[in-house]
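Shown next: query.cif, containing mmCIF, C-alpha atoms.
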```cif
data_input
loop_
_atom_site.label_atom_id
_atom_site.label_comp_id
_atom_site.auth_asym_id
_atom_site.auth_seq_id
_atom_site.Cartn_x
_atom_site.Cartn_y
_atom_site.Cartn_z
CA MET C 1 -5.76 25.76 -1.58
CA ALA C 2 -2.33 27.13 -2.59
CA ALA C 3 0.38 24.58 -3.19
CA THR C 4 3.04 24.21 -0.50
CA LYS C 5 6.63 23.59 -1.47
CA TRP C 6 8.88 21.68 0.88
CA THR C 7 12.62 21.07 0.68
CA ILE C 8 14.11 17.64 1.20
CA PRO C 9 17.54 18.73 2.42
CA ALA C 10 20.52 17.02 0.82
CA ARG C 11 21.35 13.82 2.79
CA LYS C 12 18.28 14.23 5.04
CA GLY C 13 14.62 13.31 5.31
CA LEU C 14 11.24 15.04 5.35
CA ALA C 15 7.82 13.83 6.51
CA VAL C 16 4.65 15.52 5.30
CA LYS C 17 0.97 14.79 5.92
CA VAL C 18 -1.14 14.59 2.78
CA ALA C 19 -4.93 14.37 2.94
CA LYS C 20 -6.89 11.82 0.93
CA GLY C 21 -7.53 13.08 -2.58
CA CYS C 22 -4.70 15.62 -2.54
CA THR C 23 -1.71 15.31 -4.81
CA PHE C 24 1.99 15.71 -4.15
CA SER C 25 4.88 15.95 -6.59
CA VAL C 26 8.42 14.81 -5.87
CA VAL C 27 10.69 17.10 -7.86
CA ASN C 28 14.21 16.05 -8.82
CA THR C 29 15.35 19.67 -8.66
CA HIS C 30 18.89 19.02 -9.86
CA GLY C 31 18.10 15.91 -11.89
CA SER C 32 20.52 13.44 -10.34
CA GLN C 33 19.10 12.87 -6.88
CA VAL C 34 17.48 9.63 -5.76
CA VAL C 35 14.57 10.17 -3.35
CA ASP C 36 13.61 7.23 -1.13
CA THR C 37 9.87 7.48 -0.57
CA TRP C 38 7.50 5.91 1.94
CA ALA C 39 3.80 6.32 2.66
CA PHE C 40 2.00 5.41 5.89
CA ASN C 41 -1.68 5.36 6.76
CA ALA C 42 -1.97 8.51 8.91
CA ALA C 43 -4.49 6.71 11.14
CA ASP C 44 -2.37 3.55 11.63
CA MET C 45 1.40 3.59 11.23
CA ALA C 46 1.40 -0.22 11.03
CA GLU C 47 -0.28 0.07 7.64
CA PHE C 48 2.02 1.41 4.92
CA MET C 49 2.90 1.25 1.24
CA SER C 50 4.31 -2.22 0.66
CA LEU C 51 6.24 -2.82 -2.53
CA GLU C 52 5.82 -6.61 -2.45
CA HIS C 53 2.06 -6.14 -2.27
CA SER C 54 2.10 -3.32 -4.84
CA ARG C 55 4.08 -5.28 -7.45
CA ALA C 56 1.49 -8.04 -7.16
CA GLY C 57 -1.19 -5.42 -7.70
CA PHE C 58 0.13 -3.61 -10.78
CA ARG C 59 2.08 -6.66 -12.02
CA ARG C 60 5.22 -4.79 -12.91
CA LEU C 61 8.69 -4.28 -11.45
CA VAL C 62 8.17 -0.51 -11.64
CA SER C 63 4.92 1.45 -11.66
CA ARG C 64 3.72 3.52 -14.58
CA ILE C 65 1.36 6.50 -14.69
CA GLY C 66 -2.03 5.27 -13.47
CA ASP C 67 -0.64 2.48 -11.29
CA THR C 68 -1.71 2.31 -7.65
CA TYR C 69 0.54 1.34 -4.77
CA LEU C 70 -1.03 -0.88 -2.11
CA THR C 71 -0.52 -1.16 1.62
CA ASN C 72 0.41 -4.32 3.50
CA LYS C 73 -3.36 -4.76 3.81
CA ARG C 74 -3.63 -4.47 0.00
CA ARG C 75 -5.55 -1.18 0.13
CA PRO C 76 -4.78 1.66 -2.29
CA ILE C 77 -2.51 4.24 -0.66
CA VAL C 78 -1.08 6.36 -3.52
CA THR C 79 -1.61 6.45 -7.28
CA VAL C 80 0.88 7.77 -9.83
CA THR C 81 -0.95 10.51 -11.72
CA ASP C 82 1.99 11.96 -13.65
CA ASP C 83 5.68 11.40 -14.27
CA THR C 84 7.77 13.76 -16.38
CA SER C 85 10.94 11.68 -15.85
CA PRO C 86 11.86 8.70 -18.07
CA GLY C 87 9.97 6.55 -15.54
CA ARG C 88 12.99 4.67 -14.30
CA HIS C 89 12.47 4.17 -10.56
CA ASP C 90 13.35 1.30 -8.26
CA THR C 91 11.21 -1.00 -6.12
CA LEU C 92 13.86 -3.68 -5.48
CA VAL C 93 16.52 -2.27 -3.19
CA ALA C 94 16.40 -1.60 0.56
CA ALA C 95 16.99 1.83 2.05
CA CYS C 96 20.65 2.41 2.81
CA ASP C 97 21.58 2.01 6.45
CA VAL C 98 24.61 2.08 8.76
CA TYR C 99 25.43 -1.52 7.82
CA ARG C 100 25.53 -0.67 4.10
CA TYR C 101 28.11 2.08 4.60
CA GLN C 102 30.18 -0.09 6.95
CA GLN C 103 30.28 -2.80 4.30
CA LEU C 104 31.31 -0.28 1.66
CA GLY C 105 34.29 0.61 3.86
CA HIS C 106 33.08 3.88 5.36
CA GLN C 107 34.50 4.69 8.81
CA GLY C 108 32.34 6.47 11.39
CA HIS C 109 28.86 7.88 11.00
CA HIS C 110 27.28 8.25 7.57
CA ASP C 111 23.86 9.72 6.92
CA ASN C 112 21.49 7.05 5.66
CA CYS C 113 17.89 6.74 4.49
CA THR C 114 16.84 4.33 7.24
CA ASP C 115 17.78 6.83 9.96
CA ASN C 116 16.32 9.67 7.87
CA LEU C 117 12.96 7.88 7.85
CA ARG C 118 13.07 7.52 11.63
CA ASP C 119 14.15 11.13 12.22
CA ALA C 120 11.65 12.64 9.77
CA LEU C 121 8.80 10.78 11.45
CA ALA C 122 10.07 11.73 14.91
CA ALA C 123 9.86 15.39 13.89
CA LEU C 124 6.09 14.82 13.56
CA GLY C 125 5.97 12.82 16.81
CA LEU C 126 5.51 9.59 14.86
CA LYS C 127 7.28 6.25 14.76
CA ALA C 128 7.22 3.45 12.20
CA THR C 129 6.64 -0.08 13.41
CA GLU C 130 9.22 -1.30 10.90
CA THR C 131 11.34 0.02 8.02
CA PRO C 132 9.32 -0.77 4.91
CA ALA C 133 11.13 -1.24 1.62
CA PRO C 134 11.21 2.23 0.02
CA LEU C 135 10.07 3.34 -3.41
CA ASN C 136 13.34 4.71 -4.73
CA LEU C 137 12.27 7.50 -7.07
CA PHE C 138 14.70 8.27 -9.91
CA MET C 139 16.97 5.36 -8.85
CA ASN C 140 18.18 3.55 -11.94
CA ILE C 141 18.57 -0.16 -11.24
CA PRO C 142 18.12 -1.86 -14.62
CA TRP C 143 17.45 -5.60 -14.79
CA GLU C 144 18.70 -8.04 -17.39
CA PRO C 145 16.73 -10.95 -18.86
CA ASN C 146 18.84 -13.27 -16.64
CA GLY C 147 17.92 -11.24 -13.54
CA ASP C 148 21.22 -9.40 -13.09
CA LEU C 149 20.85 -5.92 -11.57
CA PHE C 150 23.04 -2.85 -12.05
CA TRP C 151 23.53 0.32 -9.97
CA ASN C 152 23.50 3.13 -12.55
CA GLU C 153 23.20 6.90 -12.62
CA PRO C 154 19.68 8.39 -12.75
CA MET C 155 18.17 8.96 -16.19
CA SER C 156 16.19 11.96 -14.95
CA MET C 157 16.76 15.64 -15.80
CA ALA C 158 16.62 18.72 -13.57
CA GLY C 159 13.00 19.49 -12.75
CA ASP C 160 11.64 16.03 -13.53
CA ALA C 161 8.80 15.19 -11.19
CA VAL C 162 6.58 12.30 -10.19
CA THR C 163 3.09 13.19 -9.01
CA PHE C 164 0.96 11.02 -6.75
CA ARG C 165 -2.60 11.22 -5.48
CA ALA C 166 -3.08 10.15 -1.87
CA ASP C 167 -5.77 7.46 -1.78
CA MET C 168 -6.13 7.76 2.02
CA ASP C 169 -4.88 10.26 4.60
CA ILE C 170 -1.16 9.57 4.63
CA VAL C 171 2.14 10.53 6.12
CA ALA C 172 4.60 10.65 3.22
CA VAL C 173 8.30 10.45 4.00
CA PHE C 174 11.15 11.34 1.68
CA SER C 175 14.92 11.02 1.95
CA ALA C 176 17.47 12.64 -0.36
CA CYS C 177 19.59 9.49 -0.45
CA PRO C 178 23.07 10.24 0.92
CA MET C 179 24.78 7.42 -1.01
CA ASP C 180 28.05 8.95 -2.20
CA LEU C 181 30.12 5.78 -2.50
CA LEU C 182 28.29 4.46 -5.59
CA PRO C 183 27.19 6.55 -8.62
CA ILE C 184 23.44 6.14 -8.06
CA ASN C 185 23.16 9.89 -7.36
CA GLY C 186 25.19 10.84 -10.43
CA LYS C 187 28.74 10.30 -11.59
CA ASP C 188 30.04 13.10 -9.33
CA CYS C 189 28.59 11.40 -6.23
CA ILE C 190 27.40 14.77 -4.92
CA ILE C 191 24.20 14.65 -2.87
CA ARG C 192 21.72 17.40 -3.60
CA ASP C 193 18.40 18.60 -2.27
CA ALA C 194 15.05 17.84 -3.85
CA HIS C 195 11.58 19.23 -3.36
CA VAL C 196 8.03 18.16 -2.67
CA VAL C 197 5.05 20.20 -3.79
CA VAL C 198 1.78 19.36 -2.01
CA GLY C 199 -1.59 20.39 -3.37
CA MET A 1 23.79 -36.72 12.67
CA ALA A 2 21.05 -38.44 10.68
CA ALA A 3 18.97 -36.25 8.44
CA THR A 4 15.48 -35.41 9.64
CA LYS A 5 12.62 -35.21 7.16
CA TRP A 6 9.71 -32.90 7.86
CA THR A 7 6.43 -32.56 6.01
CA ILE A 8 5.03 -29.16 5.04
CA PRO A 9 1.34 -30.12 4.95
CA ALA A 10 -0.62 -29.00 1.91
CA ARG A 11 -2.02 -25.47 2.56
CA LYS A 12 -0.18 -25.18 5.89
CA GLY A 13 3.09 -24.05 7.44
CA LEU A 14 6.06 -25.54 9.28
CA ALA A 15 8.77 -23.92 11.43
CA VAL A 16 12.06 -25.70 12.07
CA LYS A 17 15.19 -24.64 13.95
CA VAL A 18 18.41 -25.08 12.01
CA ALA A 19 21.80 -24.62 13.66
CA LYS A 20 24.54 -22.52 12.09
CA GLY A 21 26.52 -24.51 9.56
CA CYS A 22 23.79 -27.13 9.03
CA THR A 23 22.03 -27.52 5.72
CA PHE A 24 18.37 -27.93 4.87
CA SER A 25 16.73 -28.90 1.59
CA VAL A 26 13.27 -27.80 0.50
CA VAL A 27 11.90 -30.59 -1.65
CA ASN A 28 9.16 -29.99 -4.20
CA THR A 29 7.88 -33.51 -3.67
CA HIS A 30 5.18 -33.35 -6.34
CA GLY A 31 6.88 -30.77 -8.54
CA SER A 32 4.17 -28.12 -8.75
CA GLN A 33 4.06 -26.71 -5.25
CA VAL A 34 5.24 -23.21 -4.36
CA VAL A 35 6.85 -23.01 -0.91
CA ASP A 36 6.98 -19.59 0.76
CA THR A 37 10.14 -19.52 2.86
CA TRP A 38 11.34 -17.26 5.68
CA ALA A 39 14.39 -17.33 7.95
CA PHE A 40 14.73 -15.59 11.32
CA ASN A 41 17.74 -15.15 13.58
CA ALA A 42 16.94 -17.68 16.35
CA ALA A 43 18.40 -15.28 18.92
CA ASP A 44 16.44 -12.22 17.73
CA MET A 45 13.18 -12.54 15.84
CA ALA A 46 13.45 -8.88 14.77
CA GLU A 47 16.37 -9.87 12.53
CA PHE A 48 15.34 -11.92 9.51
CA MET A 49 16.06 -12.69 5.88
CA SER A 50 15.19 -9.52 3.95
CA LEU A 51 14.78 -9.77 0.21
CA GLU A 52 15.31 -6.06 -0.44
CA HIS A 53 18.64 -6.27 1.38
CA SER A 54 19.51 -9.61 -0.24
CA ARG A 55 18.90 -8.42 -3.81
CA ALA A 56 21.29 -5.53 -3.14
CA GLY A 57 23.82 -8.08 -1.89
CA PHE A 58 23.78 -10.62 -4.73
CA ARG A 59 22.67 -8.04 -7.32
CA ARG A 60 20.07 -10.23 -8.97
CA LEU A 61 16.29 -10.58 -9.00
CA VAL A 62 16.66 -14.26 -8.07
CA SER A 63 19.52 -16.00 -6.29
CA ARG A 64 21.72 -18.63 -7.89
CA ILE A 65 23.76 -21.41 -6.31
CA GLY A 66 26.41 -19.79 -4.12
CA ASP A 67 24.38 -16.63 -3.42
CA THR A 68 23.88 -15.55 0.19
CA TYR A 69 20.69 -14.05 1.56
CA LEU A 70 21.12 -11.19 4.03
CA THR A 71 19.13 -10.07 7.04
CA ASN A 72 17.67 -6.61 7.58
CA LYS A 73 21.01 -5.92 9.30
CA ARG A 74 22.80 -7.08 6.12
CA ARG A 75 24.31 -10.15 7.81
CA PRO A 76 24.47 -13.51 6.01
CA ILE A 77 21.60 -15.76 7.12
CA VAL A 78 21.38 -18.55 4.51
CA THR A 79 23.41 -19.49 1.44
CA VAL A 80 22.12 -21.49 -1.53
CA THR A 81 24.42 -24.51 -1.78
CA ASP A 82 22.48 -26.54 -4.35
CA ASP A 83 19.40 -26.32 -6.56
CA THR A 84 18.24 -29.21 -8.73
CA SER A 85 15.26 -27.23 -10.08
CA PRO A 86 15.48 -24.88 -13.10
CA GLY A 87 16.27 -22.12 -10.58
CA ARG A 88 13.11 -20.15 -11.20
CA HIS A 89 12.06 -18.77 -7.80
CA ASP A 90 10.44 -15.48 -6.81
CA THR A 91 11.63 -12.63 -4.57
CA LEU A 92 9.10 -10.03 -5.73
CA VAL A 93 5.67 -11.01 -4.48
CA ALA A 94 4.20 -10.77 -0.97
CA ALA A 95 2.87 -13.78 0.90
CA CYS A 96 -0.79 -14.36 0.20
CA ASP A 97 -3.13 -13.16 2.93
CA VAL A 98 -6.83 -12.83 3.73
CA TYR A 99 -7.01 -9.61 1.70
CA ARG A 100 -5.60 -11.32 -1.40
CA TYR A 101 -8.31 -14.00 -1.37
CA GLN A 102 -11.04 -11.45 -0.68
CA GLN A 103 -9.91 -9.44 -3.69
CA LEU A 104 -9.90 -12.56 -5.85
CA GLY A 105 -13.56 -13.05 -4.90
CA HIS A 106 -13.24 -15.83 -2.33
CA GLN A 107 -16.00 -15.90 0.30
CA GLY A 108 -15.19 -16.89 3.88
CA HIS A 109 -11.93 -18.18 5.31
CA HIS A 110 -9.10 -19.24 3.02
CA ASP A 111 -5.80 -20.65 4.19
CA ASN A 112 -2.97 -18.22 3.44
CA CYS A 113 0.80 -18.03 3.82
CA THR A 114 0.74 -14.99 6.12
CA ASP A 115 -1.36 -16.83 8.71
CA ASN A 116 0.68 -20.00 8.14
CA LEU A 117 3.84 -18.09 9.09
CA ARG A 118 2.20 -16.87 12.29
CA ASP A 119 0.80 -20.29 13.20
CA ALA A 120 4.00 -22.20 12.44
CA LEU A 121 6.00 -19.85 14.66
CA ALA A 122 3.36 -20.04 17.39
CA ALA A 123 3.78 -23.82 17.44
CA LEU A 124 7.37 -23.16 18.58
CA GLY A 125 6.25 -20.45 21.02
CA LEU A 126 7.63 -17.73 18.75
CA LYS A 127 6.22 -14.60 17.15
CA ALA A 128 7.49 -12.48 14.26
CA THR A 129 7.72 -8.73 14.73
CA GLU A 130 6.44 -8.27 11.16
CA THR A 131 5.65 -10.35 8.07
CA PRO A 132 8.81 -10.21 5.97
CA ALA A 133 8.53 -10.61 2.22
CA PRO A 134 8.95 -14.36 1.59
CA LEU A 135 11.34 -16.16 -0.70
CA ASN A 136 8.83 -17.98 -2.89
CA LEU A 137 10.62 -21.17 -3.85
CA PHE A 138 9.55 -22.70 -7.18
CA MET A 139 7.21 -19.74 -7.85
CA ASN A 140 7.45 -18.78 -11.51
CA ILE A 141 7.00 -15.02 -11.91
CA PRO A 142 8.88 -14.15 -15.11
CA TRP A 143 9.78 -10.54 -15.86
CA GLU A 144 9.84 -8.85 -19.23
CA PRO A 145 12.39 -6.26 -20.40
CA ASN A 146 9.68 -3.60 -19.86
CA GLY A 147 9.13 -4.78 -16.27
CA ASP A 148 5.85 -6.63 -16.80
CA LEU A 149 5.38 -9.64 -14.49
CA PHE A 150 3.42 -12.86 -15.10
CA TRP A 151 1.95 -15.46 -12.74
CA ASN A 152 2.91 -18.79 -14.34
CA GLU A 153 3.02 -22.45 -13.40
CA PRO A 154 6.19 -23.73 -11.71
CA MET A 155 8.95 -25.02 -14.00
CA SER A 156 10.09 -27.54 -11.38
CA MET A 157 9.75 -31.36 -11.50
CA ALA A 158 8.79 -33.81 -8.75
CA GLY A 159 11.70 -34.19 -6.36
CA ASP A 160 13.44 -30.95 -7.30
CA ALA A 161 15.10 -29.43 -4.26
CA VAL A 162 16.85 -26.27 -3.15
CA THR A 163 19.50 -26.68 -0.44
CA PHE A 164 20.61 -23.94 1.92
CA ARG A 165 23.30 -23.66 4.55
CA ALA A 166 22.32 -21.76 7.67
CA ASP A 167 24.87 -18.96 8.24
CA MET A 168 23.61 -18.35 11.78
CA ASP A 169 21.28 -20.25 14.14
CA ILE A 170 17.93 -19.76 12.48
CA VAL A 171 14.26 -20.53 12.65
CA ALA A 172 13.23 -21.44 9.11
CA VAL A 173 9.54 -21.25 8.22
CA PHE A 174 7.84 -22.79 5.22
CA SER A 175 4.32 -22.61 3.82
CA ALA A 176 2.88 -24.86 1.12
CA CYS A 177 1.14 -21.94 -0.58
CA PRO A 178 -2.64 -22.50 -0.64
CA MET A 179 -3.24 -20.30 -3.70
CA ASP A 180 -5.80 -22.26 -5.72
CA LEU A 181 -7.42 -19.35 -7.59
CA LEU A 182 -4.41 -18.70 -9.87
CA PRO A 183 -2.27 -21.38 -11.60
CA ILE A 184 0.94 -20.65 -9.66
CA ASN A 185 0.74 -24.12 -8.05
CA GLY A 186 0.09 -25.86 -11.36
CA LYS A 187 -2.62 -25.82 -13.96
CA ASP A 188 -4.88 -28.08 -11.86
CA CYS A 189 -4.76 -25.61 -8.93
CA ILE A 190 -4.38 -28.52 -6.50
CA ILE A 191 -2.31 -27.74 -3.41
CA ARG A 192 0.10 -30.47 -2.38
CA ASP A 193 2.50 -31.17 0.44
CA ALA A 194 6.24 -30.61 0.24
CA HIS A 195 9.13 -31.66 2.44
CA VAL A 196 12.12 -30.28 4.26
CA VAL A 197 15.20 -32.37 4.97
CA VAL A 198 17.50 -30.98 7.68
CA GLY A 199 21.10 -32.18 8.09
#
```
Show me, as structure tokens, the structure contained in the file I just sent.
Amino acid sequence: MAATKWTIPARKGLAVKVAKGCTFSVVNTHGSQVVDTWAFNAADMAEFMSLEHSRAGFRRLVSRIGDTYLTNKRRPIVTVTDDTSPGRHDTLVAACDVYRYQQLGHQGHHDNCTDNLRDALAALGLKATETPAPLNLFMNIPWEPNGDLFWNEPMSMAGDAVTFRADMDIVAVFSACPMDLLPINGKDCIIRDAHVVVG
Amino acid sequence: MAATKWTIPARKGLAVKVAKGCTFSVVNTHGSQVVDTWAFNAADMAEFMSLEHSRAGFRRLVSRIGDTYLTNKRRPIVTVTDDTSPGRHDTLVAACDVYRYQQLGHQGHHDNCTDNLRDALAALGLKATETPAPLNLFMNIPWEPNGDLFWNEPMSMAGDAVTFRADMDIVAVFSACPMDLLPINGKDCIIRDAHVVVG
């Protein structure tokens, strides 16, 4: 089957169904864009990729090639099969939301990954039972030996990609994180699109 | 008001209401016991202490004295006001559940923190809308510079306690973690009771 390329629009979300055994690559087209990523069991939206269960499975703060993410029922849902980026991703930080932007001093509406998850699923007629913690691809949150965390620019380059194999039929959801008040999407704080290649 | 002392029975859970402004101490009575801890907004069980939001708030893997945990709406829910232990707690690992014990090779029923949360809330006529990631008090999961995690024995001593102030009216839930297949509750893998002192 030919590969299908999807755009994650800047500041917005995208939901895509991926069949068990198929692969999908999340491409950091411009190099500086964080992509919040979720995966749900296509047959049961209450089962989804859970980072607190996954960390206990692969015993790391951040996955490496070959590591498998687990659901909240501890079943394999996606496996990292390739990663051409430096491998710095984040499993620690919640999706941004209206409260985050309010606290950072923003007035009025601001796009956010939590709403993007909801809207992307709604476009497929689906609804999450909760907002799981996202896998923040390309997000550079280094940790110190004393546990301190920092919000840094991505280390990725244009075209870097992370490839996953779906270990069950899934609905994958992506959000081109609209955070433009901190430099997590690059020093210029400009939000850009990214791409997903399925198959 | 006189302080009230509650027992968290070995292998089981306990739910306690704590009014805004009041403090509660989680006492590691025997020194080696991990206590999974949750906090819910007493007025809205869908709002609860969220570790992925909290880490973004205090910008650490593990809280220190003075740090405030946030809800999934990024509102303060509890603040650490004292900690007589070495301060090694865990925010990374999911509550144990039936799947965890199955995967570790256990046959038949095994007590677990996920069910303990449900049962402790049910004893107060309450129900969680999901199973939030727990704050695992006294659980010693060190991290390496490369992100590797380890499941070690607690560093705490008998009588060590962590004290919190409730920043809203809450339902606090505790589970004396029944994990006896890994040494997280001490080398002898014996599960013991712990205590909570409110007020």
Neighbours of chain A in chain C at 7 Å, counting all atoms listed in the file, as a list in words: Glu52, His53, Arg55, Ala56, Arg59, Arg60, Leu61, Val62, Lys73, Arg74, Leu92, Val93, Ala94, Tyr99, Ala133, Pro145, Gly147, Asp148 and Leu149 of chain C
Just want the 6 Å neighbourhood of His89 in chain A, counted on all atoms listed in the file, with same-chain residues fewer than 2 positions away dropped. Output as a PyMOL selection string. chain A and resi 136-140
Spatial neighbours of range 110-114 of chain C, 9 Å, all atoms listed in the file, chain gap at least 3 places, as a list in words: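 The contact residues come out as Arg11, Lys12, Gly13, Asp36, Ala94, Ala95, Cys96, Asp97, Val98, Arg100, Tyr101, Gln102, His106, Gln107, Leu117, Arg118, Asp119, Thr131, Phe174, Ser175, Ala176, Cys177, Pro178 and Met179 of chain C.
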Can you tell me, as a ChimeraX atom specification, which residues sit within 12 Å of (2.5, 17.9, 10.7) in the file's frame, using only C-alpha atoms? /C:14-19,42,120-126,170-173
Residue by residue, what does the PyMOL selection byres ((chain A and resi 41) around 8) grab here? Present the result as a ChimeraX atom specification. /A:39-40,42-48,77,168-171
Please enumerate the residues selected by the PyMOL selection byres ((chain C and resi 183-190) around 6) when evaluated against the supplied file, formatted as a PyMOL selection string. chain C and resi 32-34+152-153+180+182+191
Go ahead and compute the interatomic distance for CA of Thr7 in chain C and CA of Ala166 in chain C, in Å to one decimal.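 Result for CA of Thr7 in chain C versus CA of Ala166 in chain C: 19.3 Å, one decimal.
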In Å to one decimal, how far is CA of Leu70 in chain C from CA of His109 in chain A?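 Distance between the two atoms: 21.8 Å.
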Suppose you want the space between CA of Val197 in chain A and CA of Met157 in chain A; what is it in Å?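 Between CA of Val197 in chain A and CA of Met157 in chain A the gap works out to 17.4 Å.
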Nearest to Asp160 in chain A among A:Ala128, A:Val35, A:Val27, A:Cys22, with distances taken over only C-alpha atoms: which residue is it?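 For Asp160 in chain A, the nearest of the candidates is A:Val27.
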Closest to Leu104 in chain A among A:Val80, A:Gly21, A:Thr163, A:Leu181, using all atoms listed in the file? A:Leu181
Just so the selection is clear, what residues does the PyMOL selection byres ((chain A and resi 81) around 9) cover here, as an NGL selection string? :A and (23 or 64-67 or 79-80 or 82-83 or 162-165)
Which of these residues is nearest to Arg88 in chain C, using only C-alpha atoms: C:Ile8, C:Leu135, C:Ala194, C:Ala158?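 Looking only at the distances to Arg88 in chain C, the closest residue turns out to be C:Leu135.
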